[in-house]
$ cat structure-v5.cif   # mmCIF, C-alpha atoms
data_work
loop_
_atom_site.label_atom_id
_atom_site.label_comp_id
_atom_site.auth_asym_id
_atom_site.auth_seq_id
_atom_site.Cartn_x
_atom_site.Cartn_y
_atom_site.Cartn_z
CA MET A 1 -26.88 -31.94 -39.26
CA ALA A 2 -30.26 -32.33 -40.92
CA THR A 3 -30.61 -34.34 -44.09
CA SER A 4 -30.58 -32.19 -47.25
CA LEU A 5 -33.72 -33.66 -48.77
CA ARG A 6 -37.15 -33.29 -47.24
CA PRO A 7 -38.24 -36.92 -46.77
CA THR A 8 -41.41 -38.19 -48.37
CA LEU A 9 -43.34 -40.75 -46.33
CA VAL A 10 -46.40 -42.72 -47.36
CA VAL A 11 -48.88 -43.48 -44.57
CA SER A 12 -52.33 -45.01 -44.49
CA THR A 13 -55.45 -43.17 -43.52
CA CYS A 14 -57.11 -44.40 -40.33
CA ASP A 15 -60.81 -43.64 -40.17
CA ALA A 16 -62.87 -44.91 -37.25
CA GLU A 17 -65.81 -45.81 -39.49
CA ASP A 18 -63.56 -48.25 -41.40
CA LEU A 19 -62.71 -50.25 -38.27
CA SER A 20 -64.72 -52.59 -36.06
CA ILE A 21 -62.18 -52.84 -33.21
CA TRP A 22 -63.46 -51.80 -29.80
CA ASP A 23 -60.96 -48.95 -29.30
CA ARG A 24 -61.19 -47.62 -32.83
CA GLN A 25 -61.58 -43.95 -31.81
CA GLU A 26 -58.42 -43.94 -29.69
CA THR A 27 -56.56 -45.89 -32.38
CA CYS A 28 -57.41 -43.35 -35.06
CA GLU A 29 -56.64 -40.40 -32.78
CA GLN A 30 -53.18 -41.83 -32.09
CA HIS A 31 -52.61 -42.25 -35.81
CA GLU A 32 -53.79 -38.72 -36.55
CA ARG A 33 -51.31 -37.34 -33.99
CA PHE A 34 -48.57 -39.48 -35.54
CA ARG A 35 -49.22 -38.02 -38.99
CA HIS A 36 -49.26 -34.51 -37.50
CA VAL A 37 -45.90 -35.11 -35.78
CA LEU A 38 -44.34 -36.30 -39.05
CA ARG A 39 -45.54 -33.22 -40.91
CA LYS A 40 -44.47 -30.85 -38.15
CA ALA A 41 -40.99 -32.44 -38.17
CA GLY A 42 -40.73 -31.58 -41.86
CA ALA A 43 -41.79 -34.73 -43.71
CA ARG A 44 -43.96 -34.65 -46.78
CA VAL A 45 -46.74 -37.10 -45.97
CA LEU A 46 -48.72 -38.86 -48.70
CA GLU A 47 -51.77 -40.89 -47.73
CA VAL A 48 -53.19 -44.13 -49.12
CA PRO A 49 -56.59 -45.44 -48.04
CA LEU A 50 -56.91 -47.91 -45.19
CA VAL A 51 -58.35 -51.20 -46.40
CA PRO A 52 -61.80 -51.15 -44.75
CA ASP A 53 -62.04 -53.11 -41.50
CA ASP A 54 -58.40 -54.21 -41.75
CA LEU A 55 -56.21 -52.57 -39.09
CA ASP A 56 -53.09 -54.43 -40.28
CA SER A 57 -53.24 -52.48 -43.54
CA VAL A 58 -52.26 -49.37 -41.55
CA PHE A 59 -48.74 -50.86 -41.42
CA VAL A 60 -48.10 -49.49 -44.88
CA LYS A 61 -44.33 -50.07 -44.92
CA ASP A 62 -44.83 -53.79 -45.40
CA SER A 63 -46.75 -53.42 -48.68
CA ALA A 64 -44.05 -52.20 -51.05
CA LEU A 65 -40.55 -50.87 -51.60
CA LEU A 66 -40.92 -47.27 -52.80
CA VAL A 67 -38.41 -45.28 -54.83
CA TYR A 68 -38.17 -41.90 -56.56
CA ASN A 69 -35.58 -41.96 -59.34
CA GLY A 70 -35.61 -38.23 -60.06
CA GLN A 71 -38.26 -38.57 -62.74
CA GLU A 72 -40.99 -40.84 -61.45
CA ARG A 73 -42.16 -42.74 -58.40
CA LEU A 74 -41.73 -46.51 -58.56
CA ALA A 75 -43.24 -49.25 -56.38
CA PHE A 76 -41.99 -52.82 -56.11
CA MET A 77 -44.84 -54.68 -54.43
CA ALA A 78 -44.25 -57.05 -51.55
CA HIS A 79 -45.36 -60.67 -51.31
CA PRO A 80 -46.61 -61.06 -47.73
CA ARG A 81 -46.22 -64.46 -46.10
CA HIS A 82 -49.63 -64.49 -44.42
CA HIS A 83 -52.80 -64.63 -46.52
CA ALA A 84 -54.47 -61.95 -44.40
CA ARG A 85 -51.83 -59.44 -45.47
CA ARG A 86 -51.88 -60.56 -49.11
CA ASP A 87 -55.51 -59.48 -49.36
CA GLU A 88 -54.35 -55.89 -48.82
CA GLN A 89 -52.07 -55.81 -51.84
CA TYR A 90 -54.75 -55.29 -54.48
CA HIS A 91 -56.11 -52.24 -52.66
CA ARG A 92 -52.66 -50.94 -51.76
CA GLY A 93 -51.47 -51.19 -55.37
CA HIS A 94 -54.41 -49.05 -56.49
CA GLY A 95 -53.76 -46.57 -53.70
CA LEU A 96 -50.11 -46.19 -54.67
CA SER A 97 -51.05 -45.83 -58.35
CA ASP A 98 -53.42 -43.02 -57.41
CA LEU A 99 -50.45 -41.28 -55.72
CA GLY A 100 -48.50 -41.46 -58.98
CA PHE A 101 -46.40 -44.55 -58.32
CA ARG A 102 -45.74 -46.85 -61.25
CA ILE A 103 -45.98 -50.47 -60.15
CA VAL A 104 -42.87 -52.14 -61.59
CA GLY A 105 -43.37 -55.65 -60.29
CA GLU A 106 -44.16 -57.89 -57.37
CA ALA A 107 -41.83 -60.16 -55.43
CA ALA A 108 -42.08 -63.80 -56.49
CA HIS A 109 -40.75 -64.98 -53.14
CA TYR A 110 -42.03 -63.90 -49.74
CA PHE A 111 -40.85 -60.34 -49.10
CA GLU A 112 -42.18 -57.62 -46.79
CA GLY A 113 -41.07 -53.99 -46.67
CA GLY A 114 -40.46 -54.08 -42.93
CA ASP A 115 -37.46 -56.29 -43.64
CA LEU A 116 -35.49 -53.70 -45.62
CA THR A 117 -33.30 -50.80 -44.54
CA LEU A 118 -31.15 -48.79 -46.95
CA LEU A 119 -27.71 -47.65 -45.84
CA PRO A 120 -27.13 -43.88 -46.05
CA ALA A 121 -24.85 -44.08 -49.10
CA LYS A 122 -27.56 -46.18 -50.81
CA ASN A 123 -24.92 -48.59 -52.03
CA LYS A 124 -26.28 -51.45 -49.92
CA ALA A 125 -29.57 -52.58 -48.44
CA LEU A 126 -29.89 -54.55 -45.22
CA VAL A 127 -32.52 -57.26 -45.68
CA GLY A 128 -33.90 -59.35 -42.85
CA TYR A 129 -34.99 -62.88 -43.69
CA GLY A 130 -36.11 -66.08 -42.05
CA GLN A 131 -39.54 -65.26 -40.63
CA ARG A 132 -41.50 -63.06 -43.04
CA THR A 133 -39.04 -62.67 -45.93
CA ASP A 134 -37.37 -65.51 -47.85
CA TYR A 135 -33.62 -65.52 -48.41
CA GLU A 136 -34.33 -65.91 -52.14
CA ALA A 137 -36.05 -62.50 -52.17
CA LEU A 138 -32.69 -60.78 -51.71
CA ALA A 139 -31.88 -61.33 -55.39
CA GLU A 140 -35.16 -59.66 -56.36
CA VAL A 141 -34.35 -56.66 -54.16
CA GLU A 142 -30.90 -56.42 -55.76
CA ASP A 143 -32.42 -56.54 -59.25
CA PHE A 144 -34.87 -53.76 -58.46
CA LEU A 145 -32.52 -51.43 -56.58
CA GLY A 146 -29.34 -52.28 -58.48
CA ILE A 147 -27.31 -52.51 -55.26
CA GLU A 148 -26.06 -55.23 -52.92
CA ALA A 149 -28.51 -56.74 -50.44
CA VAL A 150 -26.85 -57.75 -47.17
CA PRO A 151 -28.64 -60.79 -45.65
CA LEU A 152 -29.44 -60.69 -41.93
CA GLU A 153 -31.18 -63.73 -40.50
CA LEU A 154 -33.82 -62.97 -37.87
CA THR A 155 -34.15 -65.83 -35.40
CA HIS A 156 -36.19 -64.47 -32.46
CA LYS A 157 -39.96 -64.74 -32.90
CA SER A 158 -40.58 -61.31 -31.33
CA PHE A 159 -38.47 -59.61 -34.00
CA PHE A 160 -40.08 -60.90 -37.18
CA HIS A 161 -39.17 -57.80 -39.22
CA LEU A 162 -35.81 -56.09 -39.49
CA ASP A 163 -37.28 -52.72 -38.47
CA LEU A 164 -38.12 -54.19 -35.06
CA ALA A 165 -34.49 -55.22 -34.53
CA CYS A 166 -32.36 -52.63 -36.30
CA ALA A 167 -32.43 -48.94 -37.20
CA VAL A 168 -29.89 -47.07 -39.32
CA LEU A 169 -29.74 -43.27 -39.19
CA SER A 170 -28.70 -40.98 -42.01
CA ASP A 171 -25.28 -40.33 -40.43
CA GLY A 172 -24.46 -44.05 -40.53
CA THR A 173 -25.14 -44.77 -36.86
CA ALA A 174 -26.98 -48.05 -36.37
CA PHE A 175 -28.91 -49.38 -33.38
CA ALA A 176 -29.47 -53.14 -33.22
CA CYS A 177 -30.53 -55.91 -30.85
CA GLN A 178 -28.14 -58.86 -30.91
CA ASP A 179 -30.79 -61.26 -29.57
CA ALA A 180 -32.78 -60.85 -32.79
CA PHE A 181 -30.09 -62.24 -35.11
CA SER A 182 -28.23 -65.43 -35.79
CA GLU A 183 -24.59 -65.37 -34.67
CA GLU A 184 -23.35 -65.19 -38.26
CA SER A 185 -25.67 -62.31 -39.13
CA TRP A 186 -24.68 -60.38 -36.01
CA ARG A 187 -21.01 -60.74 -37.00
CA ARG A 188 -21.89 -59.57 -40.49
CA LEU A 189 -23.65 -56.52 -39.11
CA THR A 190 -20.89 -55.62 -36.63
CA ASN A 191 -18.23 -55.94 -39.35
CA LEU A 192 -20.09 -53.81 -41.88
CA SER A 193 -17.64 -51.06 -42.78
CA ASP A 194 -20.41 -48.91 -44.28
CA LEU A 195 -21.72 -48.12 -40.80
CA LYS A 196 -20.27 -45.26 -38.80
CA ARG A 197 -20.86 -47.20 -35.57
CA LEU A 198 -23.18 -49.85 -34.17
CA ILE A 199 -24.89 -49.31 -30.82
CA PRO A 200 -26.16 -52.55 -29.22
CA VAL A 201 -29.63 -52.31 -27.71
CA SER A 202 -31.15 -54.64 -25.13
CA LYS A 203 -33.89 -57.11 -25.99
CA ASN A 204 -36.26 -55.30 -23.64
CA ALA A 205 -35.74 -51.95 -25.37
CA ALA A 206 -36.24 -53.51 -28.80
CA TYR A 207 -39.31 -55.42 -27.59
CA ASN A 208 -40.82 -52.06 -26.53
CA PHE A 209 -40.37 -50.74 -30.08
CA GLY A 210 -37.30 -48.66 -29.26
CA LEU A 211 -35.78 -49.45 -32.67
CA ASN A 212 -38.97 -48.94 -34.67
CA MET A 213 -38.23 -45.28 -35.29
CA VAL A 214 -38.75 -42.71 -38.03
CA GLU A 215 -36.01 -40.18 -38.80
CA VAL A 216 -37.02 -36.79 -40.23
CA GLY A 217 -34.01 -34.50 -40.39
CA ASP A 218 -32.72 -34.11 -36.83
CA THR A 219 -35.98 -35.43 -35.37
CA ILE A 220 -36.57 -39.04 -34.34
CA VAL A 221 -40.18 -40.15 -33.88
CA LEU A 222 -40.89 -43.06 -31.51
CA GLY A 223 -44.10 -44.67 -30.36
CA ASP A 224 -43.03 -45.27 -26.77
CA ASP A 225 -40.74 -43.73 -24.16
CA VAL A 226 -37.80 -46.16 -24.36
CA LYS A 227 -35.20 -44.46 -22.18
CA GLU A 228 -32.25 -46.65 -23.19
CA VAL A 229 -32.60 -45.60 -26.83
CA ILE A 230 -33.74 -42.02 -26.22
CA ASP A 231 -30.72 -41.28 -24.03
CA GLN A 232 -28.39 -42.38 -26.83
CA LEU A 233 -30.26 -40.34 -29.43
CA GLU A 234 -30.26 -37.21 -27.29
CA MET A 235 -26.52 -37.54 -26.69
CA MET A 236 -26.20 -37.47 -30.49
CA GLY A 237 -28.09 -34.17 -30.54
CA LYS A 238 -31.31 -35.62 -31.90
CA ASN A 239 -34.72 -34.14 -31.13
CA VAL A 240 -36.76 -37.11 -29.94
CA ILE A 241 -40.54 -36.97 -30.10
CA VAL A 242 -42.57 -39.70 -28.45
CA THR A 243 -46.11 -39.91 -29.75
CA PRO A 244 -48.00 -42.78 -28.07
CA LEU A 245 -48.81 -45.64 -30.41
CA ASP A 246 -49.79 -48.31 -27.89
CA CYS A 247 -52.97 -49.13 -29.83
CA PHE A 248 -50.73 -50.29 -32.68
CA HIS A 249 -48.29 -52.04 -30.37
CA LYS A 250 -51.10 -54.52 -29.68
CA SER A 251 -50.76 -55.53 -33.34
CA SER A 252 -46.94 -55.70 -33.08
CA GLY A 253 -46.16 -52.49 -34.95
CA SER A 254 -45.07 -48.92 -34.23
CA ALA A 255 -43.75 -45.76 -35.90
CA ALA A 256 -41.55 -47.28 -38.62
CA CYS A 257 -44.20 -49.87 -39.52
CA LEU A 258 -46.76 -47.10 -39.98
CA SER A 259 -44.76 -45.20 -42.62
CA ALA A 260 -43.07 -46.13 -45.88
CA ARG A 261 -40.15 -43.93 -46.88
CA VAL A 262 -39.84 -43.04 -50.55
CA HIS A 263 -36.14 -43.64 -51.19
CA HIS A 264 -34.48 -41.11 -53.48
CA MET A 265 -32.31 -43.18 -55.83
CA PRO A 266 -31.54 -41.32 -59.07
CA GLU A 267 -29.60 -44.26 -60.56
CA ILE A 268 -32.65 -46.52 -60.92
#

$ encode --input "structure-v5.cif" --output "structure tokens"
Amino acid sequence: MATSLRPTLVVSTCDAEDLSIWDRQETCEQHERFRHVLRKAGARVLEVPLVPDDLDSVFVKDSALLVYNGQERLAFMAHPRHHARRDEQYHRGHGLSDLGFRIVGEAAHYFEGGDLTLLPAKNKALVGYGQRTDYEALAEVEDFLGIEAVPLELTHKSFFHLDLACAVLSDGTAFACQDAFSEESWRRLTNLSDLKRLIPVSKNAAYNFGLNMVEVGDTIVLGDDVKEVIDQLEMMGKNVIVTPLDCFHKSSGSAACLSARVHHMPEI
């Protein structure tokens, strides 16, 4: 069953003239196709400018936690761990303001948007920590969202953000790679009663960005043809669209990293 609300996703622009990388034309063509796929699947896509000559800024999800409370759009800005990503925040804040988001604060501790996944009931948020996000940032997330933040420690260097290691669909089905988590955090995830079921995914499938997916209604958008994950999704009746994003895989990101969902949370 499709979700009742048309999702709103924020993505960056990706103009070849703003990049100095050698394969800039192919990179921007892949991103243009990605945006087209999202719109065709039914998403409302809002665009913020790419920070000139900074390809990492295309991974817009990391910059902020975005919410619509029924009256206005709110943005809680991230605090990236690496200085190179922090330089984006000034430009990204202005871009979000131009889209009508009110900036309501910035994390005091290290926190990146790729480390957060909301559960379908929106009563809890899964928050990865240990590599890019500090454990102390969970309290800041709880204060902003007004819900419980469930801590999940990421221990494998290849899975530095939660959205590389775990995906939760709107029906409560979760996909996750055990190798990415500490033993305690894996137990916490497997025992989470809020999930409909948890489907373990191999390290190889996760490494190939099989969990870095975007859900738009009954459509799942992936940046690579990861058969292990696609077979499971198709058995669930999902329409899976693979739009190649290998240019972005070189920078350790894929579909989920390239889009920031605006979470509809009327209680905020």

$ closest_residue --input "structure-v5.cif" --among "A:Lys227, A:Gly100, A:Ile268, A:Leu245" --to "Arg35 (chain A)" --atoms "only C-alpha atoms"
A:Leu245

$ resolve_selection --input "structure-v5.cif" --expression "the PyMOL selection byres ((chain A and resi 208-225) around 6)" --output "list in words"
Ala2, Thr3, Asp163, Leu164, Cys166, Ala167, Ala205, Ala206, Tyr207, Val226, Lys227, Lys238, Asn239, Val240, Ile241, Val242, Thr243, Pro244, Leu245, Ser254, Ala255 and Ala256 of chain A

$ resolve_selection --input "structure-v5.cif" --expression "the PyMOL selection byres ((chain A and resi 148) around 10)" --output "NGL selection string"
:A and (122-127 or 138-139 or 141-143 or 145-147 or 149-151)

$ resolve_selection --input "structure-v5.cif" --expression "the PyMOL selection byres ((chain A and resi 42-44) around 9)" --output "MDAnalysis selection string"
chainID A and resid 6:10 37:41 45:46 216:217 219

$ residues_near_point --input "structure-v5.cif" --point "(-58.0, -50.5, -39.0)" --cutoff "12 Å" --atoms "all atoms listed in the file" --output "PyMOL selection string"
chain A and resi 12-29+31+49-60+88+247-248+251+258

$ atom_distance --input "structure-v5.cif" --atom1 "CA of Pro266 (chain A)" --atom2 "CA of Arg73 (chain A)"
10.7 Å

$ build_atoms --input "structure-v5.cif" --residues "region 71-82 of chain A" --atoms "all heavy atoms" --output "mmCIF file, in the coordinates of the input"
data_model
loop_
_atom_site.group_PDB
_atom_site.id
_atom_site.type_symbol
_atom_site.label_atom_id
_atom_site.label_comp_id
_atom_site.auth_asym_id
_atom_site.auth_seq_id
_atom_site.Cartn_x
_atom_site.Cartn_y
_atom_site.Cartn_z
ATOM 1 N N GLN A 71 -37.295 -38.835 -61.679
ATOM 2 C CA GLN A 71 -38.260 -38.570 -62.740
ATOM 3 C C GLN A 71 -39.647 -39.100 -62.420
ATOM 4 O O GLN A 71 -40.652 -38.482 -62.762
ATOM 5 C CB GLN A 71 -37.774 -39.179 -64.059
ATOM 6 C CG GLN A 71 -36.464 -38.592 -64.555
ATOM 7 C CD GLN A 71 -36.024 -39.204 -65.868
ATOM 8 O OE1 GLN A 71 -36.353 -40.347 -66.185
ATOM 9 N NE2 GLN A 71 -35.276 -38.446 -66.646
ATOM 10 N N GLU A 72 -39.700 -40.254 -61.780
ATOM 11 C CA GLU A 72 -40.990 -40.840 -61.450
ATOM 12 C C GLU A 72 -40.903 -41.662 -60.175
ATOM 13 O O GLU A 72 -39.814 -42.064 -59.744
ATOM 14 C CB GLU A 72 -41.494 -41.724 -62.597
ATOM 15 C CG GLU A 72 -40.593 -42.888 -62.931
ATOM 16 C CD GLU A 72 -41.154 -43.771 -64.037
ATOM 17 O OE1 GLU A 72 -42.389 -43.742 -64.282
ATOM 18 O OE2 GLU A 72 -40.357 -44.494 -64.664
ATOM 19 N N ARG A 73 -42.066 -41.901 -59.587
ATOM 20 C CA ARG A 73 -42.160 -42.740 -58.400
ATOM 21 C C ARG A 73 -42.403 -44.186 -58.832
ATOM 22 O O ARG A 73 -43.263 -44.455 -59.680
ATOM 23 C CB ARG A 73 -43.306 -42.288 -57.506
ATOM 24 C CG ARG A 73 -43.146 -40.879 -56.951
ATOM 25 C CD ARG A 73 -44.438 -40.438 -56.274
ATOM 26 N NE ARG A 73 -44.326 -39.101 -55.714
ATOM 27 C CZ ARG A 73 -45.360 -38.375 -55.318
ATOM 28 N NH1 ARG A 73 -46.587 -38.870 -55.428
ATOM 29 N NH2 ARG A 73 -45.184 -37.174 -54.815
ATOM 30 N N LEU A 74 -41.641 -45.090 -58.223
ATOM 31 C CA LEU A 74 -41.730 -46.510 -58.560
ATOM 32 C C LEU A 74 -42.088 -47.304 -57.313
ATOM 33 O O LEU A 74 -41.637 -46.987 -56.208
ATOM 34 C CB LEU A 74 -40.393 -47.017 -59.116
ATOM 35 C CG LEU A 74 -39.785 -46.245 -60.286
ATOM 36 C CD1 LEU A 74 -38.406 -46.798 -60.618
ATOM 37 C CD2 LEU A 74 -40.697 -46.300 -61.504
ATOM 38 N N ALA A 75 -42.861 -48.366 -57.488
ATOM 39 C CA ALA A 75 -43.240 -49.250 -56.380
ATOM 40 C C ALA A 75 -43.003 -50.695 -56.775
ATOM 41 O O ALA A 75 -43.519 -51.157 -57.801
ATOM 42 C CB ALA A 75 -44.699 -49.037 -56.004
ATOM 43 N N PHE A 76 -42.194 -51.375 -55.967
ATOM 44 C CA PHE A 76 -41.990 -52.820 -56.110
ATOM 45 C C PHE A 76 -42.818 -53.477 -55.010
ATOM 46 O O PHE A 76 -42.522 -53.318 -53.823
ATOM 47 C CB PHE A 76 -40.501 -53.164 -55.972
ATOM 48 C CG PHE A 76 -40.204 -54.635 -56.082
ATOM 49 C CD1 PHE A 76 -40.360 -55.297 -57.290
ATOM 50 C CD2 PHE A 76 -39.764 -55.346 -54.977
ATOM 51 C CE1 PHE A 76 -40.086 -56.653 -57.398
ATOM 52 C CE2 PHE A 76 -39.483 -56.703 -55.074
ATOM 53 C CZ PHE A 76 -39.651 -57.357 -56.287
ATOM 54 N N MET A 77 -43.871 -54.182 -55.405
ATOM 55 C CA MET A 77 -44.840 -54.680 -54.430
ATOM 56 C C MET A 77 -44.304 -55.892 -53.681
ATOM 57 O O MET A 77 -43.601 -56.736 -54.236
ATOM 58 C CB MET A 77 -46.153 -55.046 -55.134
ATOM 59 C CG MET A 77 -46.810 -53.891 -55.868
ATOM 60 S SD MET A 77 -47.174 -52.451 -54.817
ATOM 61 C CE MET A 77 -48.428 -53.132 -53.730
ATOM 62 N N ALA A 78 -44.663 -55.950 -52.407
ATOM 63 C CA ALA A 78 -44.250 -57.050 -51.550
ATOM 64 C C ALA A 78 -45.083 -58.304 -51.836
ATOM 65 O O ALA A 78 -46.093 -58.266 -52.545
ATOM 66 C CB ALA A 78 -44.395 -56.651 -50.084
ATOM 67 N N HIS A 79 -44.626 -59.405 -51.255
ATOM 68 C CA HIS A 79 -45.360 -60.670 -51.310
ATOM 69 C C HIS A 79 -45.479 -61.173 -49.873
ATOM 70 O O HIS A 79 -44.627 -61.932 -49.410
ATOM 71 C CB HIS A 79 -44.609 -61.680 -52.188
ATOM 72 C CG HIS A 79 -45.323 -62.979 -52.372
ATOM 73 N ND1 HIS A 79 -44.838 -63.974 -53.187
ATOM 74 C CD2 HIS A 79 -46.477 -63.475 -51.845
ATOM 75 C CE1 HIS A 79 -45.648 -65.009 -53.146
ATOM 76 N NE2 HIS A 79 -46.643 -64.731 -52.339
ATOM 77 N N PRO A 80 -46.500 -60.721 -49.150
ATOM 78 C CA PRO A 80 -46.610 -61.060 -47.730
ATOM 79 C C PRO A 80 -46.749 -62.572 -47.504
ATOM 80 O O PRO A 80 -47.373 -63.278 -48.295
ATOM 81 C CB PRO A 80 -47.884 -60.332 -47.282
ATOM 82 C CG PRO A 80 -48.059 -59.240 -48.290
ATOM 83 C CD PRO A 80 -47.556 -59.800 -49.578
ATOM 84 N N ARG A 81 -46.184 -63.022 -46.398
ATOM 85 C CA ARG A 81 -46.220 -64.460 -46.100
ATOM 86 C C ARG A 81 -47.618 -64.918 -45.682
ATOM 87 O O ARG A 81 -48.048 -66.009 -46.049
ATOM 88 C CB ARG A 81 -45.212 -64.777 -44.991
ATOM 89 C CG ARG A 81 -45.126 -66.254 -44.640
ATOM 90 C CD ARG A 81 -43.966 -66.555 -43.724
ATOM 91 N NE ARG A 81 -42.681 -66.343 -44.382
ATOM 92 C CZ ARG A 81 -42.056 -67.266 -45.124
ATOM 93 N NH1 ARG A 81 -42.612 -68.446 -45.327
ATOM 94 N NH2 ARG A 81 -40.890 -66.986 -45.669
ATOM 95 N N HIS A 82 -48.330 -64.083 -44.926
ATOM 96 C CA HIS A 82 -49.630 -64.490 -44.420
ATOM 97 C C HIS A 82 -50.746 -64.033 -45.350
ATOM 98 O O HIS A 82 -50.752 -62.900 -45.831
ATOM 99 C CB HIS A 82 -49.849 -63.935 -43.013
ATOM 100 C CG HIS A 82 -48.863 -64.452 -42.012
ATOM 101 N ND1 HIS A 82 -48.697 -65.795 -41.760
ATOM 102 C CD2 HIS A 82 -47.977 -63.817 -41.203
ATOM 103 C CE1 HIS A 82 -47.760 -65.966 -40.843
ATOM 104 N NE2 HIS A 82 -47.305 -64.772 -40.490
#
